[in-house]
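S.K.: Following this line is structure.pdb, made up of PDB, C-alpha atoms:
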ATOM      1  CA  MET A   4       0.000   0.000   0.000
ATOM      2  CA  ALA A   5       1.200   3.502  -0.804
ATOM      3  CA  LYS A   6       1.838   5.644   2.139
ATOM      4  CA  GLN A   7      -0.690   8.428   2.574
ATOM      5  CA  SER A   8       0.722  11.906   2.408
ATOM      6  CA  TYR A   9      -0.376  15.479   2.456
ATOM      7  CA  THR A  10       0.804  18.232   0.153
ATOM      8  CA  LEU A  11       1.527  21.608   1.648
ATOM      9  CA  ILE A  12       1.473  24.411  -0.923
ATOM     10  CA  VAL A  13       3.318  27.585  -0.045
ATOM     11  CA  VAL A  14       2.719  30.707  -2.132
ATOM     12  CA  SER A  15       5.174  33.417  -1.047
ATOM     13  CA  ASP A  16       4.572  36.054  -3.807
ATOM     14  CA  HIS A  17       2.622  36.546  -7.037
ATOM     15  CA  ASN A  18       5.767  36.230  -9.137
ATOM     16  CA  ALA A  19       7.462  33.514  -7.097
ATOM     17  CA  PRO A  20       6.995  29.922  -7.975
ATOM     18  CA  VAL A  21       4.641  27.860  -5.863
ATOM     19  CA  LYS A  22       6.402  25.522  -3.469
ATOM     20  CA  ARG A  23       4.987  22.141  -2.662
ATOM     21  CA  PHE A  24       5.928  20.041   0.341
ATOM     22  CA  HIS A  25       4.856  16.453   0.690
ATOM     23  CA  ILE A  26       4.316  15.380   4.309
ATOM     24  CA  GLN A  27       3.698  11.792   5.214
ATOM     25  CA  LYS A  28       0.663  11.133   7.418
ATOM     26  CA  SER A  29       2.772   9.027   9.792
ATOM     27  CA  PHE A  30       5.051  12.005  10.376
ATOM     28  CA  LEU A  31       2.084  14.175  11.302
ATOM     29  CA  VAL A  32       0.880  11.497  13.691
ATOM     30  CA  GLN A  33       4.324  11.260  15.286
ATOM     31  CA  LEU A  34       4.506  15.035  15.489
ATOM     32  CA  GLY A  35       1.088  15.196  17.166
ATOM     33  CA  VAL A  36       2.022  12.518  19.643
ATOM     34  CA  GLY A  37       5.261  14.371  20.411
ATOM     35  CA  VAL A  38       3.399  17.634  20.975
ATOM     36  CA  VAL A  39       0.896  15.917  23.240
ATOM     37  CA  LEU A  40       3.737  14.299  25.199
ATOM     38  CA  MET A  41       5.559  17.613  25.568
ATOM     39  CA  VAL A  42       2.387  19.377  26.699
ATOM     40  CA  GLY A  43       1.720  16.557  29.170
ATOM     41  CA  MET A  44       5.267  16.681  30.472
ATOM     42  CA  ALA A  45       5.072  20.464  30.820
ATOM     43  CA  ALA A  46       1.752  20.165  32.686
ATOM     44  CA  GLY A  47       3.172  17.419  34.924
ATOM     45  CA  ALA A  48       6.288  19.458  35.652
ATOM     46  CA  THR A  49       4.158  22.496  36.472
ATOM     47  CA  PHE A  50       1.911  20.436  38.780
ATOM     48  CA  HIS A  51       4.946  18.857  40.443
ATOM     49  CA  TYR A  52       6.525  22.275  40.942
ATOM     50  CA  PHE A  53       3.452  23.692  42.633
ATOM     51  CA  ARG A  54       3.076  20.510  44.711
ATOM     52  CA  VAL A  55       6.675  20.713  45.875
ATOM     53  CA  ALA A  56       6.275  24.428  46.606
ATOM     54  CA  GLN A  57       3.117  23.697  48.617
ATOM     55  CA  ASP A  58       4.839  20.882  50.531
ATOM     56  CA  ALA A  59       7.790  23.163  51.259
ATOM     57  CA  ALA A  60       5.433  25.835  52.616
ATOM     58  CA  GLU A  61       3.595  23.255  54.741
ATOM     59  CA  ASN A  62       6.907  21.873  56.011
ATOM     60  CA  ARG A  63       8.023  25.374  56.965
ATOM     61  CA  ILE A  64       4.762  25.939  58.829
ATOM     62  CA  LEU A  65       5.118  22.560  60.558
ATOM     63  CA  ARG A  66       8.698  23.339  61.544
ATOM     64  CA  GLU A  67       7.603  26.672  63.003
ATOM     65  CA  GLU A  68       4.704  25.012  64.855
ATOM     66  CA  ASN A  69       7.037  22.284  66.116
ATOM     67  CA  LEU A  70       9.490  24.903  67.375
ATOM     68  CA  THR A  71       6.643  26.787  69.070
ATOM     69  CA  MET A  72       5.386  23.574  70.699
ATOM     70  CA  ARG A  73       8.871  22.693  71.963
ATOM     71  CA  THR A  74       9.184  26.176  73.436
ATOM     72  CA  GLN A  75       5.773  25.876  75.063
ATOM     73  CA  LEU A  76       6.540  22.394  76.429
ATOM     74  CA  LYS A  77       9.783  23.684  77.904
ATOM     75  CA  SER A  78       7.877  26.540  79.555
ATOM     76  CA  VAL A  79       5.261  24.083  80.891
ATOM     77  CA  ARG A  80       7.999  21.820  82.324
ATOM     78  CA  GLU A  81       9.654  24.786  84.028
ATOM     79  CA  ARG A  82       6.313  25.863  85.502
ATOM     80  CA  ILE A  83       5.601  22.313  86.707
ATOM     81  CA  GLU A  84       9.017  22.184  88.370
ATOM     82  CA  HIS A  85       8.387  25.575  90.007
ATOM     83  CA  ILE A  86       4.905  24.561  91.234
ATOM     84  CA  GLY A  87       6.256  21.233  92.473
ATOM     85  CA  SER A  88       9.047  22.892  94.444
ATOM     86  CA  THR A  89       6.555  25.413  95.858
ATOM     87  CA  LEU A  90       4.284  22.594  96.998
ATOM     88  CA  ASP A  91       7.307  20.911  98.592
ATOM     89  CA  ARG A  92       8.011  24.041 100.630
ATOM     90  CA  VAL A  93       4.332  24.383 101.594
ATOM     91  CA  GLU A  94       4.227  20.735 102.686
ATOM     92  CA  ARG A  95       7.353  21.112 104.815
ATOM     93  CA  PHE A  96       5.864  24.246 106.402
ATOM     94  CA  ASP A  97       2.602  22.358 106.938
ATOM     95  CA  GLN A  98       4.489  19.580 108.749
ATOM     96  CA  LYS A  99       6.279  22.112 110.966
ATOM     97  CA  LEU A 100       2.968  23.769 111.898
ATOM     98  CA  ARG A 101       1.429  20.386 112.677
ATOM     99  CA  ALA A 102       4.416  19.492 114.845
ATOM    100  CA  ILE A 103       3.981  22.777 116.734
ATOM    101  CA  THR A 104       0.214  22.352 117.125
ATOM    102  CA  LEU A 105       0.456  18.595 117.785
ATOM    103  CA  LEU A 106      -1.967  17.917 114.924
ATOM    104  CA  SER A 107      -1.579  14.724 112.897
ATOM    105  CA  ASP A 108      -2.462  14.276 109.232
ATOM    106  CA  PRO A 109      -4.128  10.878 108.619
ATOM    107  CA  GLN A 110      -4.070  11.372 104.819
ATOM    108  CA  ARG A 111      -0.279  11.449 104.710
ATOM    109  CA  ASN A 112       0.355   9.427 107.883
ATOM    110  CA  LEU A 113       2.447  12.273 109.240
ATOM    111  CA  ALA A 114       3.700  11.729 112.755
ATOM    112  CA  MET A 115       4.635  14.496 115.130
ATOM    113  CA  GLY A 116       8.353  14.954 115.627
ATOM    114  CA  PRO A 117      11.400  16.512 113.980
ATOM    115  CA  THR A 118      10.784  17.834 110.486
ATOM    116  CA  GLU A 119      14.421  18.588 109.592
ATOM    117  CA  SER A 120      16.699  15.937 108.085
ATOM    118  CA  GLU A 121      19.862  14.803 109.757
ATOM    119  CA  PRO A 122      22.971  16.753 108.676
ATOM    120  CA  GLY A 123      24.385  15.387 105.451
ATOM    121  CA  THR A 124      21.226  13.499 104.533
ATOM    122  CA  THR A 125      18.216  14.363 102.439
ATOM    123  CA  THR A 126      14.714  12.974 102.658
ATOM    124  CA  PRO A 127      12.739  13.193  99.410
ATOM    125  CA  THR A 128       9.103  14.183  99.683
ATOM    126  CA  ASN A 129       6.199  12.953  97.570
ATOM    127  CA  SER A 130       6.482  15.981  95.330
ATOM    128  CA  ASP A 131      10.241  15.417  94.867
ATOM    129  CA  THR A 132       9.692  11.976  93.408
ATOM    130  CA  GLN A 133       6.804  13.122  91.250
ATOM    131  CA  PHE A 134       7.893  16.426  89.808
ATOM    132  CA  THR A 135      11.683  16.779  89.673
ATOM    133  CA  GLN A 136      12.563  14.187  86.985
ATOM    134  CA  LEU A 137      11.283  15.999  83.902
ATOM    135  CA  THR A 138      13.033  15.134  80.635
ATOM    136  CA  THR A 139      13.048  16.708  77.216
ATOM    137  CA  GLN A 140      11.474  13.548  75.740
ATOM    138  CA  GLU A 141       8.312  13.885  77.816
ATOM    139  CA  THR A 142       5.128  13.794  75.788
ATOM    140  CA  PRO A 143       2.175  16.144  76.247
ATOM    141  CA  ASN A 144       0.191  13.201  77.716
ATOM    142  CA  ALA A 145       2.920  12.659  80.315
ATOM    143  CA  LEU A 146       2.852  16.344  81.156
ATOM    144  CA  MET A 147      -0.925  16.230  81.533
ATOM    145  CA  GLY A 148      -0.486  13.317  83.937
ATOM    146  CA  ARG A 149       1.971  15.360  86.006
ATOM    147  CA  LEU A 150      -0.408  18.307  85.983
ATOM    148  CA  ASP A 151      -3.204  16.032  87.264
ATOM    149  CA  LYS A 152      -0.927  14.904  90.111
ATOM    150  CA  LEU A 153      -0.057  18.520  90.876
ATOM    151  CA  SER A 154      -3.746  19.418  90.948
ATOM    152  CA  ALA A 155      -4.500  16.551  93.352
ATOM    153  CA  GLU A 156      -1.552  17.527  95.565
ATOM    154  CA  ALA A 157      -2.662  21.171  95.614
ATOM    155  CA  THR A 158      -6.236  20.163  96.527
ATOM    156  CA  ARG A 159      -5.018  17.964  99.391
ATOM    157  CA  GLN A 160      -2.676  20.700 100.582
ATOM    158  CA  GLU A 161      -5.552  23.204 100.526
ATOM    159  CA  GLN A 162      -7.640  20.877 102.719
ATOM    160  CA  SER A 163      -4.732  20.511 105.130
ATOM    161  CA  LEU A 164      -4.252  24.262 105.385
ATOM    162  CA  GLN A 165      -7.987  24.752 105.929
ATOM    163  CA  GLU A 166      -7.747  22.332 108.859
ATOM    164  CA  LEU A 167      -4.802  24.302 110.256
ATOM    165  CA  GLN A 168      -6.698  27.555 109.764
ATOM    166  CA  ALA A 169      -9.668  26.144 111.710
ATOM    167  CA  TYR A 170      -7.301  25.042 114.487
ATOM    168  CA  PHE A 171      -5.654  28.467 114.762
ATOM    169  CA  GLN A 172      -9.046  30.176 114.625
ATOM    170  CA  ASP A 173     -10.178  27.980 117.516
ATOM    171  CA  GLN A 174      -6.967  28.774 119.408
ATOM    172  CA  LYS A 175      -7.551  32.480 118.804
ATOM    173  CA  SER A 176     -11.060  32.125 120.209
ATOM    174  CA  LEU A 177      -9.695  30.142 123.171
ATOM    175  CA  LEU A 178      -7.083  32.832 123.854
ATOM    176  CA  ALA A 179      -9.760  35.540 123.743
ATOM    177  CA  SER A 180     -11.816  33.459 126.204
ATOM    178  CA  THR A 181      -8.964  32.877 128.668
ATOM    179  CA  PRO A 182      -9.197  35.211 131.726
ATOM    180  CA  SER A 183      -5.656  36.561 131.395
ATOM    181  CA  ILE A 184      -5.793  39.998 133.094
ATOM    182  CA  TRP A 185      -6.486  41.170 136.653
ATOM    183  CA  PRO A 186     -10.190  41.970 137.107
ATOM    184  CA  ALA A 187      -9.346  44.748 139.577
ATOM    185  CA  ARG A 188      -6.247  46.561 140.799
ATOM    186  CA  GLY A 189      -5.432  46.201 144.490
ATOM    187  CA  TRP A 190      -3.567  43.810 146.741
ATOM    188  CA  VAL A 191      -4.292  40.129 147.348
ATOM    189  CA  THR A 192      -5.301  39.599 150.972
ATOM    190  CA  SER A 193      -6.269  35.942 150.637
ATOM    191  CA  ASP A 194      -4.900  33.532 148.022
ATOM    192  CA  PHE A 195      -6.340  30.390 146.488
ATOM    193  CA  GLY A 196      -6.124  27.307 148.733
ATOM    194  CA  GLN A 197      -6.585  26.343 152.375
ATOM    195  CA  ARG A 198      -7.054  29.241 154.843
ATOM    196  CA  LEU A 199      -8.605  30.093 158.216
ATOM    197  CA  ASP A 200     -12.191  31.308 157.887
ATOM    198  CA  PRO A 201     -12.287  34.886 159.288
ATOM    199  CA  TYR A 202     -15.655  34.201 160.953
ATOM    200  CA  THR A 203     -15.289  30.618 162.297
ATOM    201  CA  ALA A 204     -11.460  30.369 162.510
ATOM    202  CA  GLU A 205     -11.768  26.932 160.902
ATOM    203  CA  ARG A 206      -9.471  25.756 158.135
ATOM    204  CA  VAL A 207     -11.456  25.780 154.868
ATOM    205  CA  MET A 208     -10.787  25.795 151.145
ATOM    206  CA  HIS A 209     -10.729  29.280 149.636
ATOM    207  CA  GLN A 210     -11.796  28.830 146.004
ATOM    208  CA  GLY A 211     -10.553  32.148 144.631
ATOM    209  CA  LEU A 212      -8.592  35.325 145.277
ATOM    210  CA  ASP A 213      -9.596  38.163 147.576
ATOM    211  CA  ILE A 214      -8.380  41.439 146.057
ATOM    212  CA  ALA A 215      -8.644  44.351 148.491
ATOM    213  CA  ALA A 216      -9.411  47.698 146.861
ATOM    214  CA  PRO A 217     -11.223  50.963 147.697
ATOM    215  CA  HIS A 218     -15.001  50.868 147.736
ATOM    216  CA  GLY A 219     -16.299  51.603 144.219
ATOM    217  CA  LYS A 220     -13.045  50.545 142.477
ATOM    218  CA  GLU A 221     -13.696  49.423 138.893
ATOM    219  CA  VAL A 222     -13.995  45.696 138.098
ATOM    220  CA  TYR A 223     -13.214  44.606 134.514
ATOM    221  CA  SER A 224     -13.886  41.441 132.570
ATOM    222  CA  PRO A 225     -10.605  39.519 132.142
ATOM    223  CA  SER A 226     -11.695  38.041 128.774
ATOM    224  CA  ASP A 227     -14.524  37.776 126.256
ATOM    225  CA  GLY A 228     -17.696  36.074 127.432
ATOM    226  CA  THR A 229     -21.403  36.162 128.171
ATOM    227  CA  VAL A 230     -22.942  37.179 131.514
ATOM    228  CA  VAL A 231     -24.975  34.228 132.798
ATOM    229  CA  PHE A 232     -25.831  35.604 136.252
ATOM    230  CA  ALA A 233     -25.988  39.041 137.848
ATOM    231  CA  GLY A 234     -27.634  39.416 141.265
ATOM    232  CA  LEU A 235     -27.565  38.458 144.956
ATOM    233  CA  GLU A 236     -26.098  35.115 145.983
ATOM    234  CA  GLY A 237     -26.026  34.407 149.720
ATOM    235  CA  GLY A 238     -22.769  35.228 151.504
ATOM    236  CA  TYR A 239     -21.171  36.480 148.284
ATOM    237  CA  GLY A 240     -23.560  39.451 148.167
ATOM    238  CA  ASN A 241     -23.856  40.980 144.714
ATOM    239  CA  VAL A 242     -22.384  38.483 142.245
ATOM    240  CA  ILE A 243     -21.639  38.355 138.515
ATOM    241  CA  VAL A 244     -20.881  35.079 136.705
ATOM    242  CA  ILE A 245     -19.438  35.171 133.176
ATOM    243  CA  ASP A 246     -19.280  32.178 130.819
ATOM    244  CA  HIS A 247     -16.190  32.453 128.586
ATOM    245  CA  GLY A 248     -16.745  29.231 126.640
ATOM    246  CA  TYR A 249     -14.544  26.131 126.577
ATOM    247  CA  GLY A 250     -15.900  25.254 130.020
ATOM    248  CA  ILE A 251     -14.384  28.389 131.614
ATOM    249  CA  LYS A 252     -16.473  30.550 133.970
ATOM    250  CA  THR A 253     -15.448  33.427 136.267
ATOM    251  CA  ARG A 254     -17.228  34.661 139.392
ATOM    252  CA  TYR A 255     -17.056  38.109 141.048
ATOM    253  CA  GLY A 256     -18.430  38.570 144.584
ATOM    254  CA  HIS A 257     -19.110  41.286 147.224
ATOM    255  CA  LEU A 258     -19.785  43.906 144.494
ATOM    256  CA  SER A 259     -21.262  47.309 145.288
ATOM    257  CA  ARG A 260     -22.698  47.923 141.817
ATOM    258  CA  LEU A 261     -23.570  45.693 138.850
ATOM    259  CA  MET A 262     -23.070  47.346 135.459
ATOM    260  CA  VAL A 263     -24.082  44.376 133.297
ATOM    261  CA  LYS A 264     -27.036  42.005 133.242
ATOM    262  CA  ALA A 265     -27.562  38.367 132.318
ATOM    263  CA  GLY A 266     -27.313  37.816 128.563
ATOM    264  CA  ASP A 267     -24.850  40.641 127.892
ATOM    265  CA  HIS A 268     -21.932  39.789 125.591
ATOM    266  CA  ILE A 269     -18.760  41.501 126.758
ATOM    267  CA  LYS A 270     -15.143  41.851 125.629
ATOM    268  CA  ARG A 271     -11.902  41.615 127.567
ATOM    269  CA  GLY A 272     -11.372  44.836 129.549
ATOM    270  CA  ALA A 273     -15.074  45.798 129.633
ATOM    271  CA  LEU A 274     -16.256  47.520 132.836
ATOM    272  CA  ILE A 275     -18.711  45.181 134.579
ATOM    273  CA  ALA A 276     -18.998  46.219 138.253
ATOM    274  CA  ALA A 277     -17.529  48.083 141.233
ATOM    275  CA  VAL A 278     -15.757  46.706 144.316
ATOM    276  CA  GLY A 279     -17.978  46.564 147.415
ATOM    277  CA  ASN A 280     -18.573  45.022 150.793
ATOM    278  CA  THR A 281     -21.879  43.189 150.261
ATOM    279  CA  GLY A 282     -22.626  39.763 151.681
ATOM    280  CA  ARG A 283     -20.370  38.070 154.200
ATOM    281  CA  SER A 284     -17.378  40.402 154.021
ATOM    282  CA  THR A 285     -14.999  42.033 156.493
ATOM    283  CA  GLY A 286     -14.174  44.993 154.235
ATOM    284  CA  PRO A 287     -14.266  46.287 150.650
ATOM    285  CA  HIS A 288     -12.716  43.685 148.358
ATOM    286  CA  LEU A 289     -13.376  41.600 145.237
ATOM    287  CA  HIS A 290     -13.755  37.848 145.542
ATOM    288  CA  TYR A 291     -12.595  36.452 142.176
ATOM    289  CA  GLU A 292     -12.946  32.815 141.077
ATOM    290  CA  VAL A 293     -12.061  30.876 137.906
ATOM    291  CA  ARG A 294     -13.771  27.530 137.303
ATOM    292  CA  VAL A 295     -13.052  25.081 134.483
ATOM    293  CA  ASN A 296     -15.846  22.554 133.910
ATOM    294  CA  GLY A 297     -17.149  23.480 137.351
ATOM    295  CA  ILE A 298     -13.872  22.805 139.178
ATOM    296  CA  PRO A 299     -12.255  25.805 140.978
ATOM    297  CA  GLN A 300      -8.799  26.711 139.627
ATOM    298  CA  ASN A 301      -6.110  29.029 140.938
ATOM    299  CA  PRO A 302      -6.817  32.308 139.068
ATOM    300  CA  ARG A 303      -3.117  33.142 139.101
ATOM    301  CA  LYS A 304      -2.519  30.345 136.547
ATOM    302  CA  PHE A 305      -4.458  32.337 133.955
ATOM    303  CA  ILE A 306      -3.257  35.875 134.671
ATOM    304  CA  LEU A 307      -0.484  36.991 132.298
ATOM    305  CA  GLU A 308      -0.065  40.483 133.746
ATOM    306  CA  GLU A 309       2.357  41.328 136.529
TER     307      GLU A 309
END
Please lay out the structure from this file as structure tokens.
M.R.:
Amino acid sequence: MAKQSYTLIVVSDHNAPVKRFHIQKSFLVQLGVGVVLMVGMAAGATFHYFRVAQDAAENRILREENLTMRTQLKSVRERIEHIGSTLDRVERFDQKLRAITLLSDPQRNLAMGPTESEPGTTTPTNSDTQFTQLTTQETPNALMGRLDKLSAEATRQEQSLQELQAYFQDQKSLLASTPSIWPARGWVTSDFGQRLDPYTAERVMHQGLDIAAPHGKEVYSPSDGTVVFAGLEGGYGNVIVIDHGYGIKTRYGHLSRLMVKAGDHIKRGALIAAVGNTGRSTGPHLHYEVRVNGIPQNPRKFILEE
């Protein structure tokens, strides 16, 4: 079979001869295939270029994000170490306070006793073993686990400090309720203990202090409390009884004037009465008693003033 061909006629000018070119059909097919291949290769190269450029941009973004995450993880580790060391100091302080107050901590099985280590030795705490071995290979999940432990430790420490706060608040209230000042200024003519009764000359128990002072001398409350009785009481004459809480009550006898009534709430140093000579008395003085759970105590044990 004769090969098919095409004739290409080229007319360059009116006077120039006509040029004829014979082109085989197979050549045109090969040329078309070549053009298609070149266009395809150019399109593939263009697509590959943009894909590589996109990947490079994404890799740059990922590298920047990775660097940011490493920086943030380092900051988180440093903060965890700082919080852990702070909790260590708080726990050691908590133990010292409990040793001072003789409070135990059942949650941590803390016993009362020395809180300082022997010279040359160190005693790791719970926080030491949990929070001071951070490594650069730690994953975010591991860090979250450490943060959970820190949160639990902080919650337990808060409960412990709340218990200590309640204890100190109670001690503050107890101190305010302790009759620690002289109720009147004068001189003690009869102390607490056995003495001869001035009327019968028999040896009897004197359950308070007799403080001699001029008639009308001011009598003050030695601590906070509530007046539970104000009136006449047999040989004690005019009497005031104050309940200070914690089982502590004080009694004031032979008064000339009562300046408070039952139910009044008073503070330490409040004026409550005046020295007198009422009841069974040999002269103006204040009979002062302190009772704890109903048992008479030597008032001098409570007085902090000279």
S.K.: From the options A:Leu258, A:Ile12, A:Ala187, A:Val93, which residue's atoms come nearest to Glu308 in chain A, counting only C-alpha atoms?
M.R.: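 Using only C-alpha atoms, the shortest distance to Glu308 in chain A belongs to A:Ala187.
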S.K.: Here's the selection I'm unsure about, the PyMOL selection byres ((chain A and resi 178-180) around 10); applied to the file above, which residues does it give, as number ranges by chain?
M.R.: A: 172-177, 181-183, 225-228, 246-252, 270-271
S.K.: Generate the output file for the selected residues, C-alpha atoms, as an mmCIF file, keeping the file's coordinate frame.
M.R.:
data_model
loop_
_atom_site.group_PDB
_atom_site.id
_atom_site.type_symbol
_atom_site.label_atom_id
_atom_site.label_comp_id
_atom_site.auth_asym_id
_atom_site.auth_seq_id
_atom_site.Cartn_x
_atom_site.Cartn_y
_atom_site.Cartn_z
ATOM 1 C CA GLN A 172 -9.046 30.176 114.625
ATOM 2 C CA ASP A 173 -10.178 27.980 117.516
ATOM 3 C CA GLN A 174 -6.967 28.774 119.408
ATOM 4 C CA LYS A 175 -7.551 32.480 118.804
ATOM 5 C CA SER A 176 -11.060 32.125 120.209
ATOM 6 C CA LEU A 177 -9.695 30.142 123.171
ATOM 7 C CA THR A 181 -8.964 32.877 128.668
ATOM 8 C CA PRO A 182 -9.197 35.211 131.726
ATOM 9 C CA SER A 183 -5.656 36.561 131.395
ATOM 10 C CA PRO A 225 -10.605 39.519 132.142
ATOM 11 C CA SER A 226 -11.695 38.041 128.774
ATOM 12 C CA ASP A 227 -14.524 37.776 126.256
ATOM 13 C CA GLY A 228 -17.696 36.074 127.432
ATOM 14 C CA ASP A 246 -19.280 32.178 130.819
ATOM 15 C CA HIS A 247 -16.190 32.453 128.586
ATOM 16 C CA GLY A 248 -16.745 29.231 126.640
ATOM 17 C CA TYR A 249 -14.544 26.131 126.577
ATOM 18 C CA GLY A 250 -15.900 25.254 130.020
ATOM 19 C CA ILE A 251 -14.384 28.389 131.614
ATOM 20 C CA LYS A 252 -16.473 30.550 133.970
ATOM 21 C CA LYS A 270 -15.143 41.851 125.629
ATOM 22 C CA ARG A 271 -11.902 41.615 127.567
#
S.K.: Taking (-15.4, 52.3, 146.1) as a centre in this file's frame and 10 Å as the limit, can you find every polymer residue with an atom that close, using only C-alpha atoms, and give them as a PyMOL selection string?
M.R.: chain A and resi 216-221+258-260+277-280+287-288
S.K.: Please enumerate the residues selected by the PyMOL selection byres ((chain A and resi 290) around 6) when evaluated against the supplied file, formatted as an mmCIF file with C-alpha atoms, in the frame of the given file.
M.R.:
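Output file result.cif is given in full below:
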data_model
loop_
_atom_site.group_PDB
_atom_site.id
_atom_site.type_symbol
_atom_site.label_atom_id
_atom_site.label_comp_id
_atom_site.auth_asym_id
_atom_site.auth_seq_id
_atom_site.Cartn_x
_atom_site.Cartn_y
_atom_site.Cartn_z
ATOM 1 C CA LEU A 212 -8.592 35.325 145.277
ATOM 2 C CA ASP A 213 -9.596 38.163 147.576
ATOM 3 C CA TYR A 255 -17.056 38.109 141.048
ATOM 4 C CA GLY A 256 -18.430 38.570 144.584
ATOM 5 C CA LEU A 289 -13.376 41.600 145.237
ATOM 6 C CA TYR A 291 -12.595 36.452 142.176
#
S.K.: Extract, using all atoms listed in the file, all DNA, RNA and protein residues at most 10 Å from Met208 in chain A, discarding same-chain residues fewer than 5 positions from it, and format them as JSON, numbers by chain.
M.R.: {"A": [195, 196, 197, 198, 199, 200]}
S.K.: If we draw a sphere of 10 Å around (-27.7, 39.9, 147.0), which residues have at least one atom in it when counting all atoms listed in the file? Please report them as an MDAnalysis selection string.
M.R.: chainID A and resid 233:242 256:259 281:282
S.K.: Restricting the calculation to only C-alpha atoms: of A:Ile269, A:Ser8, A:Ile298, A:Met147, which residue gets closest to Gln27 in chain A?
M.R.: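 Between A:Ile269, A:Ser8, A:Ile298, A:Met147, the residue approaching Gln27 in chain A most closely is A:Ser8.
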S.K.: Just checking: using only C-alpha atoms, which residue out of A:Val295, A:His209, A:Leu153, A:Val231 ends up closest to Glu84 in chain A?
M.R.: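 Distance minimum relative to Glu84 in chain A lands on A:Leu153.
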S.K.: Do you have the CA of Arg303 in chain A-CA of Ile184 in chain A distance handy?
M.R.: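 We find that CA of Arg303 in chain A and CA of Ile184 in chain A lie 9.5 Å from each other.
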S.K.: Just checking: using all atoms listed in the file, which residue out of A:Val36, A:Pro302, A:Arg159, A:Arg95 ends up closest to Val191 in chain A?
M.R.: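 Looking only at the distances to Val191 in chain A, the closest residue turns out to be A:Pro302.
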S.K.: Report, in Å to a single decimal, how far apart CA of Arg23 in chain A and CA of Thr10 in chain A are.
M.R.: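 Value for the CA of Thr10 in chain A-CA of Arg23 in chain A distance: 6.4 Å.
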